[in-house]
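Scroll down for the structure; my scribbles are underneath it.
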Amino acid sequence: MVELVTDILSEYVSKTQKSKIIFEEAIKYLPLGVSSNYRFFDPYPIYLVKGNGGRVWDVDGNEYIDFILGFGALEVGHANPKIINEVTKALQDSSILGFEYYKTVELAKIISKRYNVDMVRFSSTGTEATMHAIRIARAYTKRKKIIKFEGHYHGSHDQLLININPMVQKDRVPSSLGIPEETLSNTLVAEWNNLESVEKLVKSQSNDICCVIMEPVAMNMGLIPPEKDFLKGIFDLSKEYNFLVIFDEVKTGGKMYSGALGYYNVKPDIILMAKSIAGGFPLSVIAGKREIMELIGPNKVAHGGTFNANPISVIASYVTLTQILTENAFYYMETLSDRLERGYRDIADDLDVDLKVTRWGPSGMIYFSKEVPRNYKELLKTDIPRWFTYFYSMLNSGILPMAGFNEQWTVSVMHTKEEIQKHIEKAYDAVKKAKEERLNLKLFEAF
């Protein structure tokens with residue numbers, strides 16, 4: 001038992017010796033040897049050199065079929081020629097202009113029509129978007145309290161860094177050191193797919209709830225869609241108690257042609273997008289109803305940023321939304337992702353293993369469990385050590401399946417049917433190993 005598990009990690013180490021050398025040097029200058037806590041995993045992370053299409057290569061020359069895709073930011077695929085062509089031309093005009101770039105309004109129009117929103121503002125990251133959205137919601141409602149869901153990640157600013165991926169079961173768990181309790185006191189935590197937990201918070205603080213912020217499909221605890229009537233219940237409560245609904249579609253906005261709001265046919269007060277809609281470049285969107293968005297301005301709601309709507313990101317997003325992530329492209333990605341889902345279900349049946357699959361558009365997740373978890377607490381009850389065995393086996397086989405036990409696969413427009421088939425073939429062996437052995441690695445909250 002120990003020998004097999006040890007062999008899995010030993011094989012990983014033997015294949016990634018140059019990554020190990022870089023890591024040992026990197027930790028002298030970079031905490032954990034990386035620039036984002038989410039990029040680290042034991043015993044050390046791999047260091048990548050380049051990507052093309054649906055594949056990436058590390059410093060050791062290992063080739064991987066990539067289904068992580070920048071944590072869901074690259075549905076256009078690596079080095080998409082349409083992006084390269086337009087960005088190369090744009091760079092000749094300037095990477096930043098200071099005053100507003102003239103094509104920003106064209107992009108705003110496209111987003112407004114595609115996602116059925118009145119007005120938009122651009123920032124650079126999802127973290128900035130959620131931070132500004134909270135400020136806008138407070139200004140509009142003149143209230144302070146925020147409701148978020150355990151297991152949902154909304155960026156790394158202080159107000160929402162609570163109960164993201166807690167490793168202990170408590171009602172309130174700060175997700176970072178260095179955050180004053182006073183800052184978190186206005187952030188309330190509810191349970192995903194549990195409308196009663198939301199109602200309880202709303203009724204206890206009915207005069208001071210400014211908003212509920214949520215991933216409309218939970219994508220930071222694997223992939224857990226909202227249950228029937230859960231979203232409707234949130235919107236009904238918002239109307240009854242006069243608070244705003246904020247959809248954090250940083251991930252989901254690029255998973256369906258019109259995001260989750262289009263898929264579920266709802267109209268949140270504010271929506272936030274980033275990742276895939278910009279084709280791999282840093283751009284985020286704060287969008288919403290006109291009467292809310294018009295609060296932004298001098299002597300009203302602050303919003304600024306030197307790199308907001310820089311020409312390169314604007315061009316990349318324009319090309320992505322008009323030429324690459326088309327309705328036909330989503331049909332293609334849906335087809336590939338569906339094939340992957342069916343492949344995992346067949347593996348579970350063939351091997352008689354407790355493995356469940358969820359999928360939403362081009363993304364999906366597997367759980368070593370008898371049932372699909374409904375929320376974060378149930379996620380922690382799945383057999384995560386078996387997932388670790390599966391994960392390292394997949395890495396050793398040249399597949400990057402998903403970034404963590406709380407992430408998901410993503411298919412790009414540049415993946416092929418052959419790459420999907422290879423994923424399934426390698427997954428069969430990896431799941432078989434996971435059925436036999438459990439790799440007990442320490443769980444920690446990445447924050």
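Ligands are numbered from 1 in the order shown, residues from 1 within each chain, and chains are lettered A, B, ... in the order they appear in the structure tokens.
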Notebook entry, point to check: region 318-328 of chain A: which residues within 7 Å, counting only C-alpha atoms, same-chain residues fewer than 4 positions away excluded, as a VMD selection string?
Noted result: chain A and resid 76 83 107 257 277 to 279 314 332
Next item on the list: Would you kindly return, as a PyMOL selection string, each protein, DNA or RNA residue with an atom no farther than 12 Å from any atom of Val34 (chain A), considering only C-alpha atoms and excluding same-chain residues fewer than 4 positions away?
Entry: chain A and resi 19+22-30+38-41+44-48
Those same residues - N, CA and C atoms - I'd like them written as a compact mmCIF listing (two decimals), in the first residue's frame.
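part21.txt written:
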```txt
# COMPACT_ATOMS: atom_id res chain seq x y z
N SER A 19 12.21 21.11 -12.38
CA SER A 19 11.25 21.87 -11.57
C SER A 19 11.68 21.88 -10.11
N ILE A 22 14.51 24.36 -9.72
CA ILE A 22 14.00 25.73 -9.75
C ILE A 22 13.27 26.07 -8.46
N PHE A 23 12.48 25.12 -7.97
CA PHE A 23 11.75 25.35 -6.71
C PHE A 23 12.71 25.62 -5.56
N GLU A 24 13.76 24.85 -5.46
CA GLU A 24 14.72 25.03 -4.37
C GLU A 24 15.40 26.39 -4.45
N GLU A 25 15.55 26.94 -5.65
CA GLU A 25 16.09 28.29 -5.80
C GLU A 25 14.99 29.33 -5.57
N ALA A 26 13.80 29.03 -6.08
CA ALA A 26 12.69 30.00 -6.01
C ALA A 26 12.29 30.33 -4.59
N ILE A 27 12.31 29.33 -3.68
CA ILE A 27 11.85 29.59 -2.32
C ILE A 27 12.78 30.55 -1.56
N LYS A 28 13.94 30.83 -2.13
CA LYS A 28 14.83 31.83 -1.53
C LYS A 28 14.32 33.24 -1.80
N TYR A 29 13.53 33.40 -2.85
CA TYR A 29 13.10 34.72 -3.29
C TYR A 29 11.58 34.89 -3.34
N LEU A 30 10.86 33.78 -3.51
CA LEU A 30 9.41 33.82 -3.62
C LEU A 30 8.81 32.93 -2.53
N TYR A 38 -2.21 29.48 -4.88
CA TYR A 38 -2.96 28.41 -5.53
C TYR A 38 -2.12 27.62 -6.52
N ARG A 39 -0.92 28.07 -6.82
CA ARG A 39 -0.06 27.35 -7.76
C ARG A 39 0.84 26.33 -7.06
N PHE A 40 0.82 26.33 -5.75
CA PHE A 40 1.70 25.41 -5.02
C PHE A 40 1.00 24.10 -4.73
N PHE A 41 1.73 23.00 -4.84
CA PHE A 41 1.27 21.71 -4.32
C PHE A 41 2.49 20.89 -3.95
N TYR A 44 6.44 19.83 -4.59
CA TYR A 44 6.80 21.11 -5.19
C TYR A 44 6.00 21.21 -6.49
N PRO A 45 5.75 22.43 -6.97
CA PRO A 45 4.97 22.58 -8.19
C PRO A 45 5.83 22.38 -9.44
N ILE A 46 5.17 22.16 -10.56
CA ILE A 46 5.90 22.15 -11.82
C ILE A 46 6.01 23.58 -12.34
N TYR A 47 7.09 23.85 -13.06
CA TYR A 47 7.31 25.16 -13.65
C TYR A 47 7.18 25.02 -15.17
N LEU A 48 6.28 25.78 -15.74
CA LEU A 48 5.95 25.66 -17.16
C LEU A 48 6.74 26.64 -18.02
```
Margin query: as a PyMOL selection string, please: the residues near region 124-130 of chain A (cut-off 7 Å, only C-alpha atoms, same-chain neighbours under 3 positions excluded).
Written below: chain A and resi 133-134+154-157+250+272-274+282-286+307-308
Restricted to N, CA and C atoms, what would the selected residues look like written as an mmCIF file, in the first residue's frame?
```
data_model
loop_
_atom_site.group_PDB
_atom_site.id
_atom_site.type_symbol
_atom_site.label_atom_id
_atom_site.label_comp_id
_atom_site.auth_asym_id
_atom_site.auth_seq_id
_atom_site.Cartn_x
_atom_site.Cartn_y
_atom_site.Cartn_z
ATOM 1 N N ALA A 133 -17.621 45.949 -6.556
ATOM 2 C CA ALA A 133 -19.053 45.629 -6.543
ATOM 3 C C ALA A 133 -19.644 45.778 -5.150
ATOM 4 N N ILE A 134 -18.896 45.343 -4.133
ATOM 5 C CA ILE A 134 -19.364 45.489 -2.758
ATOM 6 C C ILE A 134 -19.544 46.967 -2.406
ATOM 7 N N HIS A 154 -14.140 34.813 -3.920
ATOM 8 C CA HIS A 154 -14.413 36.058 -4.642
ATOM 9 C C HIS A 154 -13.185 36.966 -4.680
ATOM 10 N N GLY A 155 -12.016 36.377 -4.726
ATOM 11 C CA GLY A 155 -10.807 37.183 -4.770
ATOM 12 C C GLY A 155 -10.177 37.338 -3.407
ATOM 13 N N SER A 156 -9.034 37.998 -3.385
ATOM 14 C CA SER A 156 -8.205 38.001 -2.176
ATOM 15 C C SER A 156 -8.220 39.320 -1.420
ATOM 16 N N HIS A 157 -9.331 40.069 -1.504
ATOM 17 C CA HIS A 157 -9.424 41.264 -0.660
ATOM 18 C C HIS A 157 -10.124 40.925 0.653
ATOM 19 N N VAL A 250 -16.932 35.476 -12.697
ATOM 20 C CA VAL A 250 -15.537 35.475 -13.122
ATOM 21 C C VAL A 250 -15.208 34.169 -13.842
ATOM 22 N N LEU A 272 -20.252 40.203 -12.449
ATOM 23 C CA LEU A 272 -18.810 40.397 -12.529
ATOM 24 C C LEU A 272 -18.237 39.299 -13.407
ATOM 25 N N MET A 273 -17.336 39.676 -14.315
ATOM 26 C CA MET A 273 -16.739 38.692 -15.212
ATOM 27 C C MET A 273 -15.253 38.950 -15.371
ATOM 28 N N ALA A 274 -14.531 37.901 -15.749
ATOM 29 C CA ALA A 274 -13.099 38.008 -16.026
ATOM 30 C C ALA A 274 -12.689 36.713 -16.716
ATOM 31 N N PRO A 282 -5.369 40.160 -18.726
ATOM 32 C CA PRO A 282 -6.012 40.659 -17.500
ATOM 33 C C PRO A 282 -7.068 41.720 -17.788
ATOM 34 N N LEU A 283 -8.321 41.313 -17.653
ATOM 35 C CA LEU A 283 -9.441 42.233 -17.804
ATOM 36 C C LEU A 283 -10.620 41.686 -17.031
ATOM 37 N N SER A 284 -11.275 42.541 -16.277
ATOM 38 C CA SER A 284 -12.498 42.136 -15.579
ATOM 39 C C SER A 284 -13.595 43.153 -15.848
ATOM 40 N N VAL A 285 -14.818 42.710 -15.645
ATOM 41 C CA VAL A 285 -15.989 43.516 -15.960
ATOM 42 C C VAL A 285 -16.878 43.644 -14.736
ATOM 43 N N ILE A 286 -17.277 44.856 -14.444
ATOM 44 C CA ILE A 286 -18.333 45.133 -13.472
ATOM 45 C C ILE A 286 -19.501 45.655 -14.294
ATOM 46 N N PHE A 307 -4.371 50.461 -15.226
ATOM 47 C CA PHE A 307 -4.408 49.450 -16.283
ATOM 48 C C PHE A 307 -5.825 49.025 -16.660
ATOM 49 N N ASN A 308 -6.848 49.699 -16.119
ATOM 50 C CA ASN A 308 -8.220 49.376 -16.495
ATOM 51 C C ASN A 308 -8.425 49.578 -17.987
#
```
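Across the model, the gap from CA of Arg55 (chain A) to CA of Lys432 (chain A) is 24.5 Å.
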Checklist line | Those of region 155-293 of chain A in DSSP strand (DSSP E), formatted as a list of chain:residue names | finding: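 Written out, the strand (DSSP E) residues of region 155-293 of chain A are A:Thr187, A:Leu188, A:Val189, A:Ala190, A:Ile209, A:Cys210, A:Cys211, A:Val212, A:Ile213, A:Met214, A:Leu244, A:Val245, A:Ile246, A:Phe247, A:Asp248, A:Glu249, A:Ile270, A:Ile271, A:Leu272, A:Met273, A:Ser284, A:Val285, A:Ile286, A:Ala287, A:Gly288.
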Notebook entry, point to check: What separation in Å, quoted to one decimal, exists between CA of Leu261 (chain A) and CA of Phe67 (chain A)?
Noted result: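 If I compute the distance from CA of Leu261 (chain A) to CA of Phe67 (chain A), I get 24.5 Å.
If you measure from each of A:Gly280, A:Pro225, A:Pro298, A:Pro268 to Ile312 (chain A) using only C-alpha atoms, the closest one turns out to be A:Gly280.
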